[in-house]
Amino acid sequence: MDLVPAPSGKTPVKSPVVEVEAVEAVDVAEQVEAETVALEDASSEFETDSDGSEDWDTLSHGGDTIQFLRDEQLRDGLVPGACTLDEAVAFRQRLHDIGKAAFVEETIAREAVTAKKLCTAFGIMPPAFLEGAPDESYHPLLAIALSREFARRPKLPQYNTIEDAVRLLQESKNIVVLTGAGISTSLGIPDFRSKDTGLYSKLEHLGLSDPQEVFDIHVFQEDPSIFFSIAKDILPTEKKFSPTHGFIKLLQDKGKLLTNYTQNIDNIEANAGVLPEKIVQCHGSFATATCVKCNFKVLGDAIFSDIRDGKIPECTACPEAIAQEALKPQGLKRKRSSNGQHKDRKEEFDDSSDDDDYEIPTPGVMKPDITFFGEDLPDEFGQRLIHHDRELVDLVIVIGTSLKVAPVAEVPGILPRNVPQIYISRTPVSHTGFDIDLLGDCDVVVSELCRRAGWNLQHHMIPADEAVEVTPLEGHESRHVFKVVGA
Ligand code: OAD
Ligand code: ZN
């Protein structure tokens, strides 16, 4: 099964927000079963990097784990018996060129290479528990590895250099820009997953098993106070925007911006002047809020002062409905409906009441219209992506996102594979293949790209005399590191 299924039938973009690795884990587990793999105790339980290690994505199978290798580990020759990075790249290219069946025939069937070694070419570490086993024992793992790779968009070999990136910018007419929290960090807004500075690293005090639970719809329904205890920290503030937001606006001014798919809920694109019709807020925004009980909608501003004061905003429409209900004889006889707001108060009522069926109705909580884990994305996301942009797009630029959250993470794989894709971020990603990776602070990268393109990107955060040094990342002909000279 493809990790990124083709957008037909049940489109993946309709699925609710989930962490991308969890999706991958399910698929791999299904394959394990389909291939009748003898991975003992296969439980398909997924473990995230609990030790915070950046080096591994770990898929747990009972006591045994599949460890995913990163290209850096192959390049540095850190794994005994593994392919070199060059060999790995060649094997991957060959697989995409000739397909899975012919590839298996050419390699394993002819004993040109062992399945054990071949696993490493596709980023799977031979597990310790198979050590010493016959090579066939690695076949099921290899099947998983091949499927993962085959589902991945292959890099287009003709795009590698900064000059290529600049030329693409100049020549493209319908650019899809996919953004994440990294484009707002220079404004002092934390991203989510950066070690030490990301929001999730700062939520230990909440005592959640996973910090992402603050954005989990089920957790919110159970106890909205968890979300509102941090909401003030992510609330949009003044009307500022970063040079990267300015870059997106510049693309719009040049008539090149097809759509900006943003995962950000800070609404800052609007501050830069990006038009609403050019933006898809994939994870919603604070611009509006909805009552969880009666669906009454308000503008976000109406609840901001409550949020800033650390209060849980309540619906202003519910009390009227409650009052009308109370006038009816059965008004107080409804089953207690909790808005989940005050667990303690609920218990208090339970203790003081002889009859659990009587209740004092409370107004619903106003939930900002941001998309929580477990909720569907706005319809516009899939509609526009599949039925509009897929036909038109001629360049994809992904900026400041770890691409860890599906379905947005699947966008690069859903767009036509012949369309060039550029990735701009501090940290490269390995689960999606981009043609050109421009690494560093995105504000610096985009200002340098504009300089080289002869475009005038003006922003008070870009010094007039800024000089940027670009160096290739060793072992990667299409990865380039941007640094301000003297920084
Ligand atoms: P992440 O925090 O996962 O990723 C941000 C990426 O931007 C990381 O790769 C950083 O290295 C990079 N970065 C940070 N500052 C940067 C800078 N100044 N220049 C260049 N790169 C920089 O944030 P997202 O990918 O946006 O969803 O997270 C996706 C979703 O996960 C969010 O929309 C949110 C979250 O859970 C929901 O809550 C539903
Ligand atoms: Zn209401």
# chains A, B, ... in the order shown; residues from 1 in each chain; ligands from 1
$ residues_near_ligand --ligand "ligand 1" --cutoff "6 Å" --atoms "only C-alpha atoms and all ligand atoms" --output "mmCIF file with all heavy atoms, in the first residue's frame"
data_model
loop_
_atom_site.group_PDB
_atom_site.id
_atom_site.type_symbol
_atom_site.label_atom_id
_atom_site.label_comp_id
_atom_site.auth_asym_id
_atom_site.auth_seq_id
_atom_site.Cartn_x
_atom_site.Cartn_y
_atom_site.Cartn_z
ATOM 1 N N GLY A 180 4.698 26.798 7.168
ATOM 2 C CA GLY A 180 4.485 26.326 8.533
ATOM 3 C C GLY A 180 5.017 27.344 9.523
ATOM 4 O O GLY A 180 5.413 28.466 9.154
ATOM 5 N N ALA A 181 5.070 26.925 10.763
ATOM 6 C CA ALA A 181 5.361 27.836 11.869
ATOM 7 C C ALA A 181 6.721 28.522 11.739
ATOM 8 O O ALA A 181 6.927 29.598 12.304
ATOM 9 C CB ALA A 181 5.282 27.063 13.185
ATOM 10 N N GLY A 182 7.659 27.914 10.988
ATOM 11 C CA GLY A 182 9.001 28.487 10.854
ATOM 12 C C GLY A 182 9.025 29.869 10.223
ATOM 13 O O GLY A 182 9.974 30.621 10.418
ATOM 14 N N ILE A 183 7.965 30.250 9.492
ATOM 15 C CA ILE A 183 8.005 31.575 8.850
ATOM 16 C C ILE A 183 7.615 32.685 9.823
ATOM 17 O O ILE A 183 7.711 33.852 9.487
ATOM 18 C CB ILE A 183 7.151 31.658 7.562
ATOM 19 C CG1 ILE A 183 5.645 31.666 7.854
ATOM 20 C CG2 ILE A 183 7.490 30.546 6.590
ATOM 21 C CD1 ILE A 183 4.821 32.135 6.651
ATOM 22 N N THR A 185 8.724 32.492 13.269
ATOM 23 C CA THR A 185 9.567 32.477 14.482
ATOM 24 C C THR A 185 10.419 33.740 14.604
ATOM 25 O O THR A 185 10.728 34.170 15.715
ATOM 26 C CB THR A 185 10.486 31.233 14.544
ATOM 27 O OG1 THR A 185 11.260 31.174 13.351
ATOM 28 C CG2 THR A 185 9.704 29.953 14.694
ATOM 29 N N SER A 186 10.776 34.362 13.474
ATOM 30 C CA SER A 186 11.593 35.575 13.572
ATOM 31 C C SER A 186 10.792 36.725 14.182
ATOM 32 O O SER A 186 11.360 37.752 14.547
ATOM 33 C CB SER A 186 12.143 35.971 12.197
ATOM 34 O OG SER A 186 11.094 36.297 11.322
ATOM 35 N N ASP A 191 7.705 28.011 17.070
ATOM 36 C CA ASP A 191 7.119 26.945 16.260
ATOM 37 C C ASP A 191 6.693 25.824 17.203
ATOM 38 O O ASP A 191 6.569 26.034 18.419
ATOM 39 C CB ASP A 191 8.074 26.498 15.139
ATOM 40 C CG ASP A 191 9.352 25.859 15.652
ATOM 41 O OD1 ASP A 191 9.450 25.606 16.876
ATOM 42 O OD2 ASP A 191 10.261 25.598 14.848
ATOM 43 N N PHE A 192 6.453 24.639 16.690
ATOM 44 C CA PHE A 192 5.938 23.574 17.541
ATOM 45 C C PHE A 192 7.022 22.593 17.979
ATOM 46 O O PHE A 192 7.104 22.209 19.134
ATOM 47 C CB PHE A 192 4.817 22.805 16.816
ATOM 48 C CG PHE A 192 3.613 23.662 16.585
ATOM 49 C CD1 PHE A 192 3.476 24.396 15.425
ATOM 50 C CD2 PHE A 192 2.628 23.767 17.543
ATOM 51 C CE1 PHE A 192 2.383 25.219 15.211
ATOM 52 C CE2 PHE A 192 1.530 24.584 17.358
ATOM 53 C CZ PHE A 192 1.408 25.315 16.180
ATOM 54 N N ARG A 193 7.868 22.184 17.022
ATOM 55 C CA ARG A 193 8.713 21.020 17.286
ATOM 56 C C ARG A 193 10.194 21.320 17.417
ATOM 57 O O ARG A 193 10.976 20.378 17.620
ATOM 58 C CB ARG A 193 8.492 19.965 16.190
ATOM 59 C CG ARG A 193 7.087 19.432 16.214
ATOM 60 C CD ARG A 193 6.786 18.416 15.133
ATOM 61 N NE ARG A 193 5.384 18.013 15.265
ATOM 62 C CZ ARG A 193 4.360 18.746 14.850
ATOM 63 N NH1 ARG A 193 4.559 19.895 14.256
ATOM 64 N NH2 ARG A 193 3.123 18.319 15.034
ATOM 65 N N SER A 194 10.624 22.563 17.283
ATOM 66 C CA SER A 194 12.056 22.823 17.454
ATOM 67 C C SER A 194 12.440 22.495 18.896
ATOM 68 O O SER A 194 11.728 22.860 19.839
ATOM 69 C CB SER A 194 12.384 24.283 17.134
ATOM 70 O OG SER A 194 12.366 24.476 15.738
ATOM 71 N N PHE A 215 -3.858 20.193 21.397
ATOM 72 C CA PHE A 215 -4.645 20.461 20.193
ATOM 73 C C PHE A 215 -5.462 19.232 19.780
ATOM 74 O O PHE A 215 -5.792 19.074 18.607
ATOM 75 C CB PHE A 215 -3.734 20.870 19.027
ATOM 76 C CG PHE A 215 -2.998 22.162 19.264
ATOM 77 C CD1 PHE A 215 -1.635 22.166 19.452
ATOM 78 C CD2 PHE A 215 -3.690 23.358 19.310
ATOM 79 C CE1 PHE A 215 -0.965 23.356 19.677
ATOM 80 C CE2 PHE A 215 -3.030 24.547 19.541
ATOM 81 C CZ PHE A 215 -1.656 24.557 19.726
ATOM 82 N N GLN A 263 -0.240 26.355 7.310
ATOM 83 C CA GLN A 263 -0.698 25.598 8.477
ATOM 84 C C GLN A 263 -0.805 26.522 9.678
ATOM 85 O O GLN A 263 -1.233 26.119 10.750
ATOM 86 C CB GLN A 263 0.299 24.485 8.815
ATOM 87 C CG GLN A 263 0.441 23.459 7.723
ATOM 88 C CD GLN A 263 1.678 22.606 7.924
ATOM 89 O OE1 GLN A 263 1.647 21.582 8.588
ATOM 90 N NE2 GLN A 263 2.789 23.025 7.353
ATOM 91 N N ASN A 264 -0.380 27.768 9.496
ATOM 92 C CA ASN A 264 -0.319 28.682 10.625
ATOM 93 C C ASN A 264 -1.691 29.264 10.941
ATOM 94 O O ASN A 264 -2.485 29.527 10.043
ATOM 95 C CB ASN A 264 0.682 29.801 10.342
ATOM 96 C CG ASN A 264 2.073 29.238 10.115
ATOM 97 O OD1 ASN A 264 2.327 28.088 10.432
ATOM 98 N ND2 ASN A 264 2.966 30.040 9.574
ATOM 99 N N HIS A 283 -5.182 24.761 8.761
ATOM 100 C CA HIS A 283 -5.521 24.412 10.138
ATOM 101 C C HIS A 283 -6.397 25.485 10.783
ATOM 102 O O HIS A 283 -6.380 25.672 11.993
ATOM 103 C CB HIS A 283 -4.249 24.170 10.959
ATOM 104 C CG HIS A 283 -3.507 22.948 10.518
ATOM 105 N ND1 HIS A 283 -2.220 22.657 10.891
ATOM 106 C CD2 HIS A 283 -3.886 21.918 9.710
ATOM 107 C CE1 HIS A 283 -1.841 21.514 10.333
ATOM 108 N NE2 HIS A 283 -2.832 21.049 9.609
ATOM 109 N N THR A 371 -8.049 24.082 13.564
ATOM 110 C CA THR A 371 -8.284 22.645 13.367
ATOM 111 C C THR A 371 -7.466 21.854 14.381
ATOM 112 O O THR A 371 -6.248 21.971 14.423
ATOM 113 C CB THR A 371 -7.878 22.240 11.940
ATOM 114 O OG1 THR A 371 -8.468 23.154 11.029
ATOM 115 C CG2 THR A 371 -8.335 20.833 11.628
ATOM 116 N N PHE A 372 -8.165 21.073 15.166
ATOM 117 C CA PHE A 372 -7.478 20.252 16.162
ATOM 118 C C PHE A 372 -7.171 18.870 15.564
ATOM 119 O O PHE A 372 -7.789 18.452 14.580
ATOM 120 C CB PHE A 372 -8.375 20.096 17.400
ATOM 121 C CG PHE A 372 -8.310 21.257 18.360
ATOM 122 C CD1 PHE A 372 -8.344 22.566 17.912
ATOM 123 C CD2 PHE A 372 -8.219 21.032 19.729
ATOM 124 C CE1 PHE A 372 -8.279 23.632 18.797
ATOM 125 C CE2 PHE A 372 -8.152 22.089 20.625
ATOM 126 C CZ PHE A 372 -8.183 23.392 20.170
ATOM 127 N N PHE A 373 -6.230 18.169 16.189
ATOM 128 C CA PHE A 373 -6.000 16.777 15.793
ATOM 129 C C PHE A 373 -7.308 16.023 15.979
ATOM 130 O O PHE A 373 -7.967 16.148 17.008
ATOM 131 C CB PHE A 373 -4.909 16.135 16.661
ATOM 132 C CG PHE A 373 -3.540 16.648 16.327
ATOM 133 C CD1 PHE A 373 -2.916 17.581 17.134
ATOM 134 C CD2 PHE A 373 -2.877 16.225 15.186
ATOM 135 C CE1 PHE A 373 -1.661 18.082 16.820
ATOM 136 C CE2 PHE A 373 -1.624 16.721 14.858
ATOM 137 C CZ PHE A 373 -1.007 17.644 15.671
ATOM 138 N N GLY A 400 9.507 26.454 6.104
ATOM 139 C CA GLY A 400 9.357 26.516 7.560
ATOM 140 C C GLY A 400 8.357 25.548 8.153
ATOM 141 O O GLY A 400 7.629 25.905 9.078
ATOM 142 N N THR A 401 8.333 24.346 7.625
ATOM 143 C CA THR A 401 7.462 23.321 8.228
ATOM 144 C C THR A 401 8.210 22.004 8.298
ATOM 145 O O THR A 401 8.977 21.673 7.389
ATOM 146 C CB THR A 401 6.146 23.129 7.442
ATOM 147 O OG1 THR A 401 5.464 21.972 7.959
ATOM 148 C CG2 THR A 401 6.363 22.954 5.947
ATOM 149 N N SER A 402 7.977 21.258 9.383
ATOM 150 C CA SER A 402 8.615 19.943 9.508
ATOM 151 C C SER A 402 7.853 18.890 8.708
ATOM 152 O O SER A 402 8.286 17.747 8.631
ATOM 153 C CB SER A 402 8.676 19.536 10.986
ATOM 154 O OG SER A 402 7.355 19.408 11.493
ATOM 155 N N LEU A 403 6.722 19.247 8.149
ATOM 156 C CA LEU A 403 5.880 18.325 7.373
ATOM 157 C C LEU A 403 5.572 17.054 8.154
ATOM 158 O O LEU A 403 5.646 15.951 7.617
ATOM 159 C CB LEU A 403 6.550 17.975 6.041
ATOM 160 C CG LEU A 403 6.501 19.047 4.957
ATOM 161 C CD1 LEU A 403 7.186 18.552 3.686
ATOM 162 C CD2 LEU A 403 5.067 19.474 4.624
ATOM 163 N N VAL A 405 2.660 16.703 9.924
ATOM 164 C CA VAL A 405 1.234 16.561 10.195
ATOM 165 C C VAL A 405 0.453 16.362 8.894
ATOM 166 O O VAL A 405 0.517 17.199 7.993
ATOM 167 C CB VAL A 405 0.715 17.791 10.974
ATOM 168 C CG1 VAL A 405 -0.789 17.725 11.150
ATOM 169 C CG2 VAL A 405 1.391 17.867 12.342
ATOM 170 N N SER A 425 14.078 25.734 4.873
ATOM 171 C CA SER A 425 13.886 25.579 6.318
ATOM 172 C C SER A 425 15.234 25.453 7.005
ATOM 173 O O SER A 425 16.256 25.294 6.339
ATOM 174 C CB SER A 425 13.046 24.329 6.598
ATOM 175 O OG SER A 425 12.732 24.238 7.958
ATOM 176 N N ARG A 426 15.205 25.537 8.331
ATOM 177 C CA ARG A 426 16.460 25.316 9.058
ATOM 178 C C ARG A 426 16.865 23.842 9.005
ATOM 179 O O ARG A 426 18.032 23.512 8.975
ATOM 180 C CB ARG A 426 16.271 25.696 10.528
ATOM 181 C CG ARG A 426 16.352 27.167 10.771
ATOM 182 C CD ARG A 426 16.309 27.446 12.256
ATOM 183 N NE ARG A 426 16.184 28.875 12.483
ATOM 184 C CZ ARG A 426 15.510 29.422 13.483
ATOM 185 N NH1 ARG A 426 14.892 28.655 14.366
ATOM 186 N NH2 ARG A 426 15.452 30.721 13.618
ATOM 187 N N THR A 427 15.863 22.973 9.041
ATOM 188 C CA THR A 427 16.119 21.544 9.180
ATOM 189 C C THR A 427 15.634 20.795 7.951
ATOM 190 O O THR A 427 14.460 20.924 7.589
ATOM 191 C CB THR A 427 15.322 21.001 10.394
ATOM 192 O OG1 THR A 427 15.187 22.047 11.358
ATOM 193 C CG2 THR A 427 15.965 19.805 11.013
ATOM 194 N N GLY A 440 18.510 27.116 6.231
ATOM 195 C CA GLY A 440 18.902 28.293 7.000
ATOM 196 C C GLY A 440 17.662 29.042 7.435
ATOM 197 O O GLY A 440 16.544 28.532 7.297
ATOM 198 N N ASP A 441 17.859 30.244 7.968
ATOM 199 C CA ASP A 441 16.700 31.059 8.349
ATOM 200 C C ASP A 441 15.959 31.452 7.083
ATOM 201 O O ASP A 441 16.561 31.988 6.143
ATOM 202 C CB ASP A 441 17.166 32.315 9.093
ATOM 203 C CG ASP A 441 17.544 31.977 10.526
ATOM 204 O OD1 ASP A 441 17.230 30.849 10.962
ATOM 205 O OD2 ASP A 441 18.149 32.820 11.198
ATOM 206 N N CYS A 442 14.671 31.213 7.069
ATOM 207 C CA CYS A 442 13.938 31.423 5.814
ATOM 208 C C CYS A 442 13.960 32.881 5.385
ATOM 209 O O CYS A 442 13.985 33.170 4.183
ATOM 210 C CB CYS A 442 12.522 30.873 5.900
ATOM 211 S SG CYS A 442 11.578 31.430 7.309
#
$ select_by_dssp --residues "segment 196-227 of chain A" --states "alpha helix (DSSP H)" --output "ChimeraX atom specification"
/A:217-222,224-227
$ closest_atom_pairs --of "chain A" --to "ligand 2" --cutoff "7 Å" --atoms "only C-alpha atoms and all ligand atoms" --output "Markdown table"
| residue | atom | partner | partner_atom_place_in_ligand_line | distance |
| --- | --- | --- | --- | --- |
| A:Cys291 | CA | ligand 2 | 1 (Zn) | 4.6 |
| A:Val292 | CA | ligand 2 | 1 (Zn) | 6.6 |
| A:Lys293 | CA | ligand 2 | 1 (Zn) | 5.0 |
| A:Cys294 | CA | ligand 2 | 1 (Zn) | 4.0 |
| A:Asn295 | CA | ligand 2 | 1 (Zn) | 6.0 |
| A:Phe296 | CA | ligand 2 | 1 (Zn) | 5.3 |
| A:Cys315 | CA | ligand 2 | 1 (Zn) | 4.5 |
| A:Thr316 | CA | ligand 2 | 1 (Zn) | 6.5 |
| A:Ala317 | CA | ligand 2 | 1 (Zn) | 5.0 |
| A:Cys318 | CA | ligand 2 | 1 (Zn) | 3.9 |
| A:Pro363 | CA | ligand 2 | 1 (Zn) | 5.8 |
| A:Gly364 | CA | ligand 2 | 1 (Zn) | 4.9 |
$ write_last_selection --atoms "all heavy atoms" --output "PDB file, in the first residue's frame"
ATOM      1  N   CYS A 291     -19.381  28.119  19.187  1.00  0.00           N
ATOM      2  CA  CYS A 291     -19.832  27.482  20.432  1.00  0.00           C
ATOM      3  C   CYS A 291     -19.901  25.967  20.225  1.00  0.00           C
ATOM      4  O   CYS A 291     -20.486  25.508  19.242  1.00  0.00           O
ATOM      5  CB  CYS A 291     -21.208  28.015  20.818  1.00  0.00           C
ATOM      6  SG  CYS A 291     -21.964  27.097  22.174  1.00  0.00           S
ATOM      7  N   VAL A 292     -19.341  25.230  21.148  1.00  0.00           N
ATOM      8  CA  VAL A 292     -19.330  23.771  20.998  1.00  0.00           C
ATOM      9  C   VAL A 292     -20.719  23.167  21.215  1.00  0.00           C
ATOM     10  O   VAL A 292     -20.969  22.030  20.847  1.00  0.00           O
ATOM     11  CB  VAL A 292     -18.320  23.098  21.962  1.00  0.00           C
ATOM     12  CG1 VAL A 292     -16.898  23.523  21.651  1.00  0.00           C
ATOM     13  CG2 VAL A 292     -18.653  23.381  23.421  1.00  0.00           C
ATOM     14  N   LYS A 293     -21.640  23.962  21.828  1.00  0.00           N
ATOM     15  CA  LYS A 293     -22.986  23.423  22.076  1.00  0.00           C
ATOM     16  C   LYS A 293     -23.986  23.824  21.008  1.00  0.00           C
ATOM     17  O   LYS A 293     -24.709  22.996  20.481  1.00  0.00           O
ATOM     18  CB  LYS A 293     -23.492  23.927  23.423  1.00  0.00           C
ATOM     19  CG  LYS A 293     -23.102  23.060  24.580  1.00  0.00           C
ATOM     20  CD  LYS A 293     -23.896  23.489  25.801  1.00  0.00           C
ATOM     21  CE  LYS A 293     -23.475  22.682  27.006  1.00  0.00           C
ATOM     22  NZ  LYS A 293     -24.092  23.211  28.226  1.00  0.00           N
ATOM     23  N   CYS A 294     -24.054  25.137  20.708  1.00  0.00           N
ATOM     24  CA  CYS A 294     -25.125  25.598  19.815  1.00  0.00           C
ATOM     25  C   CYS A 294     -24.595  26.084  18.470  1.00  0.00           C
ATOM     26  O   CYS A 294     -25.366  26.559  17.640  1.00  0.00           O
ATOM     27  CB  CYS A 294     -25.955  26.686  20.483  1.00  0.00           C
ATOM     28  SG  CYS A 294     -25.119  28.285  20.565  1.00  0.00           S
ATOM     29  N   ASN A 295     -23.272  25.961  18.264  1.00  0.00           N
ATOM     30  CA  ASN A 295     -22.636  26.364  16.998  1.00  0.00           C
ATOM     31  C   ASN A 295     -22.712  27.862  16.697  1.00  0.00           C
ATOM     32  O   ASN A 295     -22.464  28.275  15.570  1.00  0.00           O
ATOM     33  CB  ASN A 295     -23.208  25.589  15.800  1.00  0.00           C
ATOM     34  CG  ASN A 295     -22.756  24.152  15.822  1.00  0.00           C
ATOM     35  OD1 ASN A 295     -21.661  23.857  16.315  1.00  0.00           O
ATOM     36  ND2 ASN A 295     -23.602  23.262  15.348  1.00  0.00           N
ATOM     37  N   PHE A 296     -23.063  28.667  17.673  1.00  0.00           N
ATOM     38  CA  PHE A 296     -23.077  30.119  17.490  1.00  0.00           C
ATOM     39  C   PHE A 296     -21.652  30.567  17.162  1.00  0.00           C
ATOM     40  O   PHE A 296     -20.700  30.147  17.799  1.00  0.00           O
ATOM     41  CB  PHE A 296     -23.586  30.784  18.772  1.00  0.00           C
ATOM     42  CG  PHE A 296     -23.642  32.280  18.715  1.00  0.00           C
ATOM     43  CD1 PHE A 296     -24.456  32.935  17.789  1.00  0.00           C
ATOM     44  CD2 PHE A 296     -22.893  33.048  19.604  1.00  0.00           C
ATOM     45  CE1 PHE A 296     -24.509  34.314  17.750  1.00  0.00           C
ATOM     46  CE2 PHE A 296     -22.949  34.432  19.570  1.00  0.00           C
ATOM     47  CZ  PHE A 296     -23.758  35.069  18.639  1.00  0.00           C
ATOM     48  N   CYS A 315     -20.216  30.899  25.530  1.00  0.00           N
ATOM     49  CA  CYS A 315     -21.136  31.336  24.487  1.00  0.00           C
ATOM     50  C   CYS A 315     -22.119  32.367  25.038  1.00  0.00           C
ATOM     51  O   CYS A 315     -22.646  32.217  26.137  1.00  0.00           O
ATOM     52  CB  CYS A 315     -21.890  30.121  23.958  1.00  0.00           C
ATOM     53  SG  CYS A 315     -23.116  30.531  22.736  1.00  0.00           S
ATOM     54  N   THR A 316     -22.362  33.420  24.252  1.00  0.00           N
ATOM     55  CA  THR A 316     -23.316  34.435  24.692  1.00  0.00           C
ATOM     56  C   THR A 316     -24.719  34.135  24.168  1.00  0.00           C
ATOM     57  O   THR A 316     -25.688  34.776  24.569  1.00  0.00           O
ATOM     58  CB  THR A 316     -22.883  35.832  24.185  1.00  0.00           C
ATOM     59  OG1 THR A 316     -22.644  35.738  22.772  1.00  0.00           O
ATOM     60  CG2 THR A 316     -21.627  36.309  24.891  1.00  0.00           C
ATOM     61  N   ALA A 317     -24.822  33.182  23.258  1.00  0.00           N
ATOM     62  CA  ALA A 317     -26.144  32.825  22.727  1.00  0.00           C
ATOM     63  C   ALA A 317     -26.803  31.742  23.575  1.00  0.00           C
ATOM     64  O   ALA A 317     -28.021  31.676  23.705  1.00  0.00           O
ATOM     65  CB  ALA A 317     -26.031  32.348  21.285  1.00  0.00           C
ATOM     66  N   CYS A 318     -25.983  30.887  24.150  1.00  0.00           N
ATOM     67  CA  CYS A 318     -26.522  29.773  24.934  1.00  0.00           C
ATOM     68  C   CYS A 318     -27.439  30.230  26.096  1.00  0.00           C
ATOM     69  O   CYS A 318     -28.504  29.642  26.286  1.00  0.00           O
ATOM     70  CB  CYS A 318     -25.400  28.913  25.504  1.00  0.00           C
ATOM     71  SG  CYS A 318     -24.849  27.602  24.385  1.00  0.00           S
ATOM     72  N   PRO A 363     -23.655  27.487  29.657  1.00  0.00           N
ATOM     73  CA  PRO A 363     -23.383  27.844  28.259  1.00  0.00           C
ATOM     74  C   PRO A 363     -22.212  27.048  27.712  1.00  0.00           C
ATOM     75  O   PRO A 363     -21.335  26.622  28.475  1.00  0.00           O
ATOM     76  CB  PRO A 363     -23.036  29.331  28.332  1.00  0.00           C
ATOM     77  CG  PRO A 363     -23.203  29.767  29.733  1.00  0.00           C
ATOM     78  CD  PRO A 363     -23.380  28.570  30.601  1.00  0.00           C
ATOM     79  N   GLY A 364     -22.189  26.875  26.392  1.00  0.00           N
ATOM     80  CA  GLY A 364     -21.083  26.135  25.773  1.00  0.00           C
ATOM     81  C   GLY A 364     -19.809  26.957  25.746  1.00  0.00           C
ATOM     82  O   GLY A 364     -19.816  28.173  25.904  1.00  0.00           O
TER      83      GLY A 364
END
$ closest_residue --among "A:Val484, A:Val79, A:Ala145, A:Leu258" --to "Ile397 of chain A" --atoms "only C-alpha atoms"
A:Leu258
$ residues_around --residues "Gln421 of chain A" --least-positions-apart "2" --cutoff "8 Å" --atoms "only C-alpha atoms" --output "list in words"
Leu395, Val396, Ile397, Val398, Pro412, Val419, Tyr423, Phe434, Asp435 and Ile436 of chain A
$ atom_distance --atom1 "atom CA of Pro157 of chain A" --atom2 "atom CA of Pro126 of chain A"
28.8 Å
$ residues_around --residues "segment 460-475 of chain A" --least-positions-apart "5" --cutoff "7 Å" --atoms "only C-alpha atoms" --output "ChimeraX atom specification"
/A:75,243,448,480-485
$ residues_around --residues "Asp394 of chain A" --least-positions-apart "5" --cutoff "12 Å" --atoms "only C-alpha atoms" --output "list in words"
Leu168, Leu169, Gln170, Glu171, Ser172, Lys173, Asn174, Ile175, Val176, Val177, Lys256, Leu257, Leu258, Thr259, Asp389, Leu415, Pro416, Arg417, Asn418, Val419, Pro420, Gln421 and Ile422 of chain A
$ closest_residue --among "A:Asp71, A:Asp369, A:Glu277, A:Glu325" --to "His476 of chain A" --atoms "only C-alpha atoms"
A:Asp71
$ atom_distance --atom1 "atom CA of Pro361 of chain A" --atom2 "atom CA of Ile322 of chain A"
6.8 Å
